[in-house]
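Report on the structure given below.
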Amino acid sequence: MSRILEAKAEMAARPSFDLDRITGERSYEGDAVDAGPTALAKKLMEIFCFDQPEEVIEEYPCWLLQSVLLQGYLYITARHICFYAYLAKKAVG
């Protein structure tokens with residue numbers, strides 16, 4: 001249990017967790033302007049069949065180890081955690 005608490009404390013101490021996330025573009029006055037969903041948010045909506053585009057909070061290159069090692073990306077959105085890896089189709093021929 002103490003290892004979990006240590007890990008949480010270490011993550012909370014990282015500077016990136018202290019910064020506010022800004023969505024949209026900034027105007028000259030410094031106010032956030034809603035730019036609508038990004039292209040990545042729209043593509044993730046298509047791939048994972050979301051009801052609507054969701055703000056992408058973070059994107060990480062990563063690996064998934066099951067029966068094979070699979071290189072892909074981990075996407076953290078406002079409501080989901082998703083893993084995507086490109087798998088080439090087998091040529092029929």
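How things are named: the first chain in the structure tokens is A, the next is B, and so on; residues count from 1 in each chain; ligands count from 1 in the order shown.
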Find the residues near region 39-53 of chain A: any atom within 9 Å, counting only C-alpha atoms, skip ones fewer than 5 places away on the same chain, and give them as number ranges by chain.
A: 75, 77, 82, 84
Could you write out that same residue set with N, CA and C atoms as a PDB file, in the first residue's frame?
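result_16.pdb, freshly written:
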ATOM      1  N   TYR A  75      -4.228   7.036 -26.018  1.00  0.00           N
ATOM      2  CA  TYR A  75      -4.897   8.332 -26.045  1.00  0.00           C
ATOM      3  C   TYR A  75      -5.764   8.450 -24.805  1.00  0.00           C
ATOM      4  N   THR A  77      -8.646  10.703 -23.353  1.00  0.00           N
ATOM      5  CA  THR A  77      -9.615  11.743 -23.692  1.00  0.00           C
ATOM      6  C   THR A  77     -10.371  12.123 -22.424  1.00  0.00           C
ATOM      7  N   CYS A  82      -7.762   4.984 -24.538  1.00  0.00           N
ATOM      8  CA  CYS A  82      -7.813   4.154 -25.742  1.00  0.00           C
ATOM      9  C   CYS A  82      -6.399   3.784 -26.197  1.00  0.00           C
ATOM     10  N   TYR A  84      -4.416   2.424 -29.685  1.00  0.00           N
ATOM     11  CA  TYR A  84      -4.560   2.221 -31.122  1.00  0.00           C
ATOM     12  C   TYR A  84      -3.231   1.792 -31.708  1.00  0.00           C
TER      13      TYR A  84
END
Need to verify the contact set: Glu59 (chain A), 7 Å, only C-alpha atoms, exclusion of same-chain residues closer than 4 positions in sequence. Can you return it as a VMD selection string?
chain A and resid 73 to 76
Residue neighbourhood Arg79 (chain A), 10 Å, only C-alpha atoms, exclusion window fewer than 5 positions, as a ChimeraX atom specification
/A:50,54-57
Just-selected residues, N, CA and C atoms written as a compact mmCIF listing (two decimals), in the first residue's frame:
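Contents of result_18.txt, as written:
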# COMPACT_ATOMS: atom_id res chain seq x y z
N PHE A 50 -17.13 6.87 -30.75
CA PHE A 50 -17.66 7.76 -29.72
C PHE A 50 -18.92 8.42 -30.25
N GLU A 54 -14.25 14.03 -28.38
CA GLU A 54 -13.86 14.32 -27.01
C GLU A 54 -12.50 14.99 -26.99
N GLU A 55 -12.31 15.91 -26.06
CA GLU A 55 -11.03 16.59 -25.92
C GLU A 55 -9.93 15.57 -25.64
N VAL A 56 -8.84 15.63 -26.41
CA VAL A 56 -7.70 14.74 -26.19
C VAL A 56 -6.80 15.40 -25.17
N ILE A 57 -6.67 14.76 -24.01
CA ILE A 57 -5.88 15.32 -22.92
C ILE A 57 -4.40 15.01 -23.11
